[in-house]
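Comments concern the structure below.
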Amino acid sequence: MKNMPRTWIISAVLITGLSIIAYVTLPSDDAPVHSLPHTATLEESLNKRNEVHPMSITALRNRTYPGSSLAIEQTLPRGTNYEQYIASYQSDGLKIFGLLTIPVGQKPERGYPAIVFVHGYIPPSQYSTTKNYATYQAVLAKNSFVTFKPDLRGHGKSEGEPVSAHFSESYVVDTLNAISSLRQHPDVDPQRIGYWGHSNGGEIGLRSIVISHNIKAAVLWAGVVGSFVDMLETYNDKIPFLKNTDHALVQENGLPSTNLHFWNSIDPYSYLHDIETPIQLHHGTTDSSVPVELSRRLTEELKKVPTDVEYYEYPGDDHNISQNFSSAWQRTINFYKTHL
């Protein structure tokens, strides 16, 4: 019997004595990806008629992410002990492609655990579905995990325009729709979905975790996982791709030090207390693309909230953790086997 949705009643009392009651319905475990519940604050109640920025955690939690069935577009040569395919799904009215791997062998009764695999920044003109990160997916496929690496919009043959992961919600939307699509696959156990992200995929993952309740374990390698204060101000001189940003979001809203209210509304750090997903972080100390301070900072903050966190730092290693690749993967696999 499927779990029935649960309704929470949250009351906020105004200074005048007037009560505002908000009803927040939690989806059942068998439903597509929806948002985590969030407490209705007095400020949200008073400003509910105002337009909410689409990047805000509130706005993203209020959306639904139905995804679609994964359609097989092309069968690729078989791997060591897995089949692989180019598959597609729907996100925001766009057709998004990706690389799907399915283990060969006796399927578990409830289906395989599955990992949604989100790539880091690669210039869209250079991105390849079958080349970029394919060997990473193979590691998990060989260990009996279904994996699906969506080609985020504007990459490969995926429809839509590429965006900045730091200043747009679009890649988070594509990721959450990919999770819903993966949950619908007949070979997948919908209750055992994990997340793996590298670099920008780490940032997308952190945002996804505070929005969705369906990610049961997350591993972030060299993630862009600082707060907006960290990324735009504190460690900005160490982040090449965010130095002296002239993005419209910054031009319109100023830096966090001058408009903390806005940046907090779109920053997952403001919602870390909602996280229940176990998280494992990996980072090399000589990463020249993403400073190790970001993973250290997130680890410190996650230790203050009720979730499991593991952090592995690799002295002298780079953005791809290439010197410790095998040990980092073994830790990743052990983590998934423990939590999925």
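Ligands are numbered from 1 in the order shown, chains are lettered A, B, ... in the order of the structure tokens, and residues start at 1 in each chain.
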If you count only C-alpha atoms, which residues fall within 8 Å of A:Met55, apart from same-chain ones fewer than 3 positions away, as a PDB file with N, CA and C atoms, in the first residue's frame?
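In the end it all went to around_35.pdb:
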ATOM      1  N   ALA A  59      10.615  29.485  -4.299  1.00  0.00           N
ATOM      2  CA  ALA A  59      10.005  29.297  -5.610  1.00  0.00           C
ATOM      3  C   ALA A  59      10.259  27.897  -6.142  1.00  0.00           C
ATOM      4  N   LEU A  60      11.469  27.407  -5.977  1.00  0.00           N
ATOM      5  CA  LEU A  60      11.801  26.083  -6.491  1.00  0.00           C
ATOM      6  C   LEU A  60      11.095  24.979  -5.714  1.00  0.00           C
ATOM      7  N   PHE A 167      23.848  31.509 -11.498  1.00  0.00           N
ATOM      8  CA  PHE A 167      22.885  32.604 -11.557  1.00  0.00           C
ATOM      9  C   PHE A 167      21.594  32.218 -12.271  1.00  0.00           C
ATOM     10  N   SER A 168      21.291  30.939 -12.328  1.00  0.00           N
ATOM     11  CA  SER A 168      20.054  30.480 -12.960  1.00  0.00           C
ATOM     12  C   SER A 168      19.580  29.213 -12.265  1.00  0.00           C
ATOM     13  N   GLU A 169      18.282  29.013 -12.253  1.00  0.00           N
ATOM     14  CA  GLU A 169      17.688  27.806 -11.687  1.00  0.00           C
ATOM     15  C   GLU A 169      17.534  26.682 -12.714  1.00  0.00           C
ATOM     16  N   ILE A 266      18.097  32.917  -2.182  1.00  0.00           N
ATOM     17  CA  ILE A 266      18.456  31.973  -3.240  1.00  0.00           C
ATOM     18  C   ILE A 266      19.621  31.072  -2.835  1.00  0.00           C
TER      19      ILE A 266
END
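With only C-alpha atoms as the atoms that count, the residue of A:Thr338, A:Ser88, A:Gln191, A:Thr307 with the shortest distance to A:Ser69 is A:Ser88.
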Counting only C-alpha atoms, the option among A:Ala165, A:Val219, A:Val146, A:Leu294 closest to A:Asn200: A:Ala165
Pick from A:Ile211, A:Ile122, A:Val104, A:Leu76 nearest to A:Thr58, counting only C-alpha atoms: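 Once distances to A:Thr58 are computed over only C-alpha atoms, the minimum belongs to A:Ile211.
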Would you return as a PDB file with C-alpha atoms, in the first residue's frame the members of stretch 151-268 of chain A that DSSP assigns to helix (DSSP H, G or I) on this structure's backbone?
ATOM      1  CA  SER A 170      17.502  26.008 -15.062  1.00  0.00           C
ATOM      2  CA  TYR A 171      20.071  23.271 -14.410  1.00  0.00           C
ATOM      3  CA  VAL A 172      18.485  22.499 -11.038  1.00  0.00           C
ATOM      4  CA  VAL A 173      15.137  22.110 -12.803  1.00  0.00           C
ATOM      5  CA  ASP A 174      16.713  19.761 -15.374  1.00  0.00           C
ATOM      6  CA  THR A 175      18.304  17.734 -12.583  1.00  0.00           C
ATOM      7  CA  LEU A 176      15.125  17.339 -10.535  1.00  0.00           C
ATOM      8  CA  ASN A 177      13.215  16.299 -13.650  1.00  0.00           C
ATOM      9  CA  ALA A 178      15.984  13.782 -14.385  1.00  0.00           C
ATOM     10  CA  ILE A 179      15.499  12.308 -10.906  1.00  0.00           C
ATOM     11  CA  SER A 180      11.760  11.942 -11.489  1.00  0.00           C
ATOM     12  CA  SER A 181      12.454  10.309 -14.834  1.00  0.00           C
ATOM     13  CA  LEU A 182      14.975   7.911 -13.321  1.00  0.00           C
ATOM     14  CA  ARG A 183      12.502   6.930 -10.605  1.00  0.00           C
ATOM     15  CA  ASN A 200      29.340  22.993 -10.934  1.00  0.00           C
ATOM     16  CA  GLY A 201      27.513  19.706 -10.485  1.00  0.00           C
ATOM     17  CA  GLY A 202      28.316  20.077  -6.785  1.00  0.00           C
ATOM     18  CA  GLU A 203      26.569  23.440  -6.656  1.00  0.00           C
ATOM     19  CA  ILE A 204      23.568  22.044  -8.530  1.00  0.00           C
ATOM     20  CA  GLY A 205      23.526  19.100  -6.137  1.00  0.00           C
ATOM     21  CA  LEU A 206      23.535  21.223  -2.993  1.00  0.00           C
ATOM     22  CA  ARG A 207      20.604  23.250  -4.293  1.00  0.00           C
ATOM     23  CA  SER A 208      18.763  20.085  -5.332  1.00  0.00           C
ATOM     24  CA  ILE A 209      19.215  18.518  -1.894  1.00  0.00           C
ATOM     25  CA  VAL A 210      17.563  21.424  -0.077  1.00  0.00           C
ATOM     26  CA  ILE A 211      14.665  21.355  -2.558  1.00  0.00           C
ATOM     27  CA  PHE A 228      27.096  33.344  -2.119  1.00  0.00           C
ATOM     28  CA  VAL A 229      29.050  35.417   0.409  1.00  0.00           C
ATOM     29  CA  ASP A 230      31.908  32.904   0.090  1.00  0.00           C
ATOM     30  CA  MET A 231      31.836  32.780  -3.701  1.00  0.00           C
ATOM     31  CA  LEU A 232      31.217  36.416  -4.547  1.00  0.00           C
ATOM     32  CA  GLU A 233      33.235  38.049  -1.770  1.00  0.00           C
ATOM     33  CA  THR A 234      35.221  36.026   0.792  1.00  0.00           C
ATOM     34  CA  ASN A 236      36.241  35.458  -4.861  1.00  0.00           C
ATOM     35  CA  ASP A 237      39.894  36.073  -5.700  1.00  0.00           C
ATOM     36  CA  LYS A 238      40.437  32.281  -5.747  1.00  0.00           C
ATOM     37  CA  PRO A 240      38.580  32.342 -11.660  1.00  0.00           C
ATOM     38  CA  PHE A 241      35.135  31.983 -13.222  1.00  0.00           C
ATOM     39  CA  LEU A 242      33.463  34.375 -10.763  1.00  0.00           C
ATOM     40  CA  ALA A 248      22.869  40.828 -14.503  1.00  0.00           C
ATOM     41  CA  LEU A 249      21.855  39.234 -11.184  1.00  0.00           C
ATOM     42  CA  VAL A 250      24.735  40.984  -9.423  1.00  0.00           C
ATOM     43  CA  GLN A 251      24.160  44.232 -11.286  1.00  0.00           C
ATOM     44  CA  GLU A 252      20.491  44.230 -10.297  1.00  0.00           C
ATOM     45  CA  ASN A 253      20.849  43.137  -6.682  1.00  0.00           C
ATOM     46  CA  LEU A 260      21.954  39.954   2.101  1.00  0.00           C
ATOM     47  CA  HIS A 261      18.168  39.480   2.155  1.00  0.00           C
ATOM     48  CA  PHE A 262      18.028  38.744  -1.574  1.00  0.00           C
ATOM     49  CA  TRP A 263      21.087  36.478  -1.676  1.00  0.00           C
ATOM     50  CA  ASN A 264      19.920  34.518   1.354  1.00  0.00           C
ATOM     51  CA  SER A 265      16.641  33.796  -0.415  1.00  0.00           C
ATOM     52  CA  ILE A 266      18.456  31.973  -3.240  1.00  0.00           C
ATOM     53  CA  PRO A 268      21.015  26.859  -0.041  1.00  0.00           C
TER      54      PRO A 268
END
Residues near A:Asp317, cut-off 7 Å, only C-alpha atoms, skip fewer than 5 positions along chain, as a list in words: Gly284, Thr285, Thr286, Asp287, Ser322 and Gln323 of chain A
